[in-house]
Amino acid sequence: MSREVEKRSAAKVAAPVLTLDGPTASGKGTVAHRLAQALGFHVLDSGSLYRVLALAAEHHAVSLDNAPALQVLAAHLDVQFSGDAAGETRIVLEGEDVSKVLRTEACGRSASLVAALPDVRLALLDRQRAFREAPGLVADGRDMGTVVFPDACLKIFLTASVEERAQRRYRQLLDKGFDASLAALSDDIRARDERDTQRSVAPLRPADDAIVLDSTDMTADDVVRRIMELARHTPSLGRRLQA
Ligand code: CDP
């Protein structure tokens with residue numbers, strides 16, 4: 001192994017990971033970005049990979065239950081993630097900016113269907129692990145602490161009541177200029193919870209060593225403050241914060 005390759009793989013192994021798992025609309029995305037900013041870390045929004053795959057399936061007329069074709073599509077996804085000036089992530093699929101269409105509820109629903117297929121999850125594993133780069137990573141998803149980064153140094157499982165999550169998603173969609181119905185969102189969140197927790201592979205559950213945070217009565221600022229406090233007491237993160 002060359003010196004350069006050795007140095008790069010050592011940095012990958014050593015890069016600390018903070019995982020943030022939890023059910024749909026629990027506020028993970030907002031919190032993950034703020035934590036990444038505070039720590040100076042990279043961020044992985046793993047849900048967007050499942051969303052991109054659902055969209056690619058639509059573009060290529062692949063049905064959402066065709067596991068072998070979806071696996072091939074997942075292994076060859078032509079997608080780029082980049083930060084824009086406003087700190088938003090820009091996502092380009094096959095040359096087209098799909099950042100906005102990815103956020104629709106329809107896309108989230110399709111993502112949840114493809115995410116239930118074991119071969120699809122396997123095909124996206126290395127792509128997710130490749131986000132682990134120095135100085136560190138905040139990884140947001142369902143199975144970050146259980147499957148993708150089991151050796152993460154701090155694992156948070158963020159949850160909130162269905163009603164509160166429906167309200168949050170409702171406000172978020174209106175802010176982004178989408179139409180939304182609170183009742184339909186609650187039903188959808190319940191269905192998504194059911195599918196995410198009941199699937200056979202990588203079901204949504206806290207890792208044994210995760211800290212569970214119920215954010216029903218907390219603002220995003222409260223959640224970030226609490227996790228930063230935990231980070232200060234986590235050796236590989238605390239050292240960084242004091243530096
Ligand atoms: O939070 P929300 O469900 O709206 O969206 P997301 O985090 O972008 O994830 C979209 C879908 O992908 C979820 O409903 C999950 O079913 C699935 N997902 C997953 O299975 N594993 C992950 N690590 C991330 C997302």
# chains A, B, ... in the order shown; residues from 1 in each chain; ligands from 1
$ residues_around --residues "segment 105-111 of chain A" --least-positions-apart "5" --cutoff "9 Å" --atoms "only C-alpha atoms" --output "MDAnalysis selection string"
chainID A and resid 47:55 64 116 173 185 188 192
$ residues_around --residues "segment 203-207 of chain A" --least-positions-apart "2" --cutoff "7 Å" --atoms "only C-alpha atoms" --output "ChimeraX atom specification"
/A:142-143,145-146,157,196-201,209-210
$ write_last_selection --atoms "N, CA, C and O atoms" --output "JSON list (two decimals), in the first residue's frame"
[["chain", "number", "residue", "atom", "x", "y", "z"],
["A", 142, "ARG", "N", -32.00, 5.56, 9.61],
["A", 142, "ARG", "CA", -32.79, 4.61, 10.40],
["A", 142, "ARG", "C", -31.89, 3.55, 11.02],
["A", 142, "ARG", "O", -32.19, 3.02, 12.09],
["A", 143, "ASP", "N", -30.80, 3.23, 10.31],
["A", 143, "ASP", "CA", -29.95, 2.11, 10.72],
["A", 143, "ASP", "C", -28.49, 2.53, 10.78],
["A", 143, "ASP", "O", -27.60, 1.71, 10.60],
["A", 145, "GLY", "N", -26.74, 3.65, 13.39],
["A", 145, "GLY", "CA", -26.07, 3.13, 14.58],
["A", 145, "GLY", "C", -26.10, 1.61, 14.66],
["A", 145, "GLY", "O", -25.25, 1.00, 15.31],
["A", 146, "THR", "N", -27.08, 0.97, 14.00],
["A", 146, "THR", "CA", -27.21, -0.48, 14.11],
["A", 146, "THR", "C", -26.45, -1.23, 13.03],
["A", 146, "THR", "O", -25.85, -2.26, 13.28],
["A", 157, "PHE", "N", -30.90, 8.30, 19.23],
["A", 157, "PHE", "CA", -32.15, 7.88, 18.60],
["A", 157, "PHE", "C", -33.17, 8.96, 18.94],
["A", 157, "PHE", "O", -33.54, 9.14, 20.10],
["A", 196, "ASP", "N", -41.23, 0.85, 8.48],
["A", 196, "ASP", "CA", -39.81, 0.96, 8.89],
["A", 196, "ASP", "C", -39.48, 0.05, 10.07],
["A", 196, "ASP", "O", -38.37, -0.47, 10.18],
["A", 197, "THR", "N", -40.46, -0.14, 10.99],
["A", 197, "THR", "CA", -40.13, -0.94, 12.18],
["A", 197, "THR", "C", -40.37, -2.44, 11.93],
["A", 197, "THR", "O", -39.77, -3.26, 12.61],
["A", 198, "GLN", "N", -41.24, -2.75, 10.97],
["A", 198, "GLN", "CA", -41.59, -4.16, 10.77],
["A", 198, "GLN", "C", -40.76, -4.87, 9.70],
["A", 198, "GLN", "O", -40.85, -6.08, 9.56],
["A", 199, "ARG", "N", -39.98, -4.13, 8.90],
["A", 199, "ARG", "CA", -39.28, -4.80, 7.80],
["A", 199, "ARG", "C", -38.24, -5.78, 8.35],
["A", 199, "ARG", "O", -37.72, -5.60, 9.46],
["A", 200, "SER", "N", -37.93, -6.79, 7.51],
["A", 200, "SER", "CA", -37.08, -7.88, 8.01],
["A", 200, "SER", "C", -35.63, -7.44, 8.15],
["A", 200, "SER", "O", -34.90, -7.91, 9.00],
["A", 201, "VAL", "N", -35.18, -6.51, 7.28],
["A", 201, "VAL", "CA", -33.77, -6.14, 7.33],
["A", 201, "VAL", "C", -33.62, -4.70, 7.82],
["A", 201, "VAL", "O", -34.39, -3.82, 7.43],
["A", 209, "ASP", "N", -26.56, 0.58, 22.31],
["A", 209, "ASP", "CA", -25.78, 1.62, 23.00],
["A", 209, "ASP", "C", -26.22, 3.04, 22.59],
["A", 209, "ASP", "O", -25.46, 3.99, 22.77],
["A", 210, "ALA", "N", -27.44, 3.17, 22.07],
["A", 210, "ALA", "CA", -27.91, 4.51, 21.67],
["A", 210, "ALA", "C", -28.57, 5.23, 22.85],
["A", 210, "ALA", "O", -29.10, 4.59, 23.76]]
$ closest_residue --among "A:Ala231, A:Ala25, A:Leu35, A:Val101" --to "Phe178 of chain A" --atoms "only C-alpha atoms"
A:Val101
$ atom_distance --atom1 "atom CA of Ser46 of chain A" --atom2 "atom 17 (C, counted along the ligand's line) of ligand 1"
7.9 Å
$ residues_around --residues "Pro16 of chain A" --least-positions-apart "3" --cutoff "8 Å" --atoms "only C-alpha atoms" --output "ChimeraX atom specification"
/A:134-137,152-153,236-237
$ atom_distance --atom1 "atom CA of Ala123 of chain A" --atom2 "atom CA of Ala14 of chain A"
23.9 Å
$ select_by_dssp --residues "segment 122-167 of chain A" --states "strand (DSSP E)" --output "PyMOL selection string"
chain A and resi 137-141+154-159
$ atom_distance --atom1 "atom CA of Ser112 of chain A" --atom2 "atom CA of Glu96 of chain A"
22.2 Å
$ closest_residue --among "A:Asp119, A:Asp175, A:Glu229, A:Asp193" --to "ligand 1" --atoms "only C-alpha atoms and all ligand atoms"
A:Asp193
$ residues_around --residues "Val138 of chain A" --least-positions-apart "5" --cutoff "12 Å" --atoms "only C-alpha atoms" --output "ChimeraX atom specification"
/A:15-21,28-46,128-129,131-133,144-145,149,152-156,227,231,237
$ closest_residue --among "A:Thr24, A:Leu113, A:Asp126, A:Ser99" --to "Ser82 of chain A" --atoms "only C-alpha atoms"
A:Ser99
$ closest_residue --among "A:Lys100, A:Leu73, A:Gly83, A:Val148" --to "ligand 1" --atoms "only C-alpha atoms and all ligand atoms"
A:Val148
$ closest_residue --among "A:Ala115, A:Leu182, A:Val212, A:Leu93" --to "ligand 1" --atoms "only C-alpha atoms and all ligand atoms"
A:Ala115
$ closest_residue --among "A:Asp65, A:Glu194, A:Glu94, A:Glu88" --to "ligand 1" --atoms "only C-alpha atoms and all ligand atoms"
A:Glu194
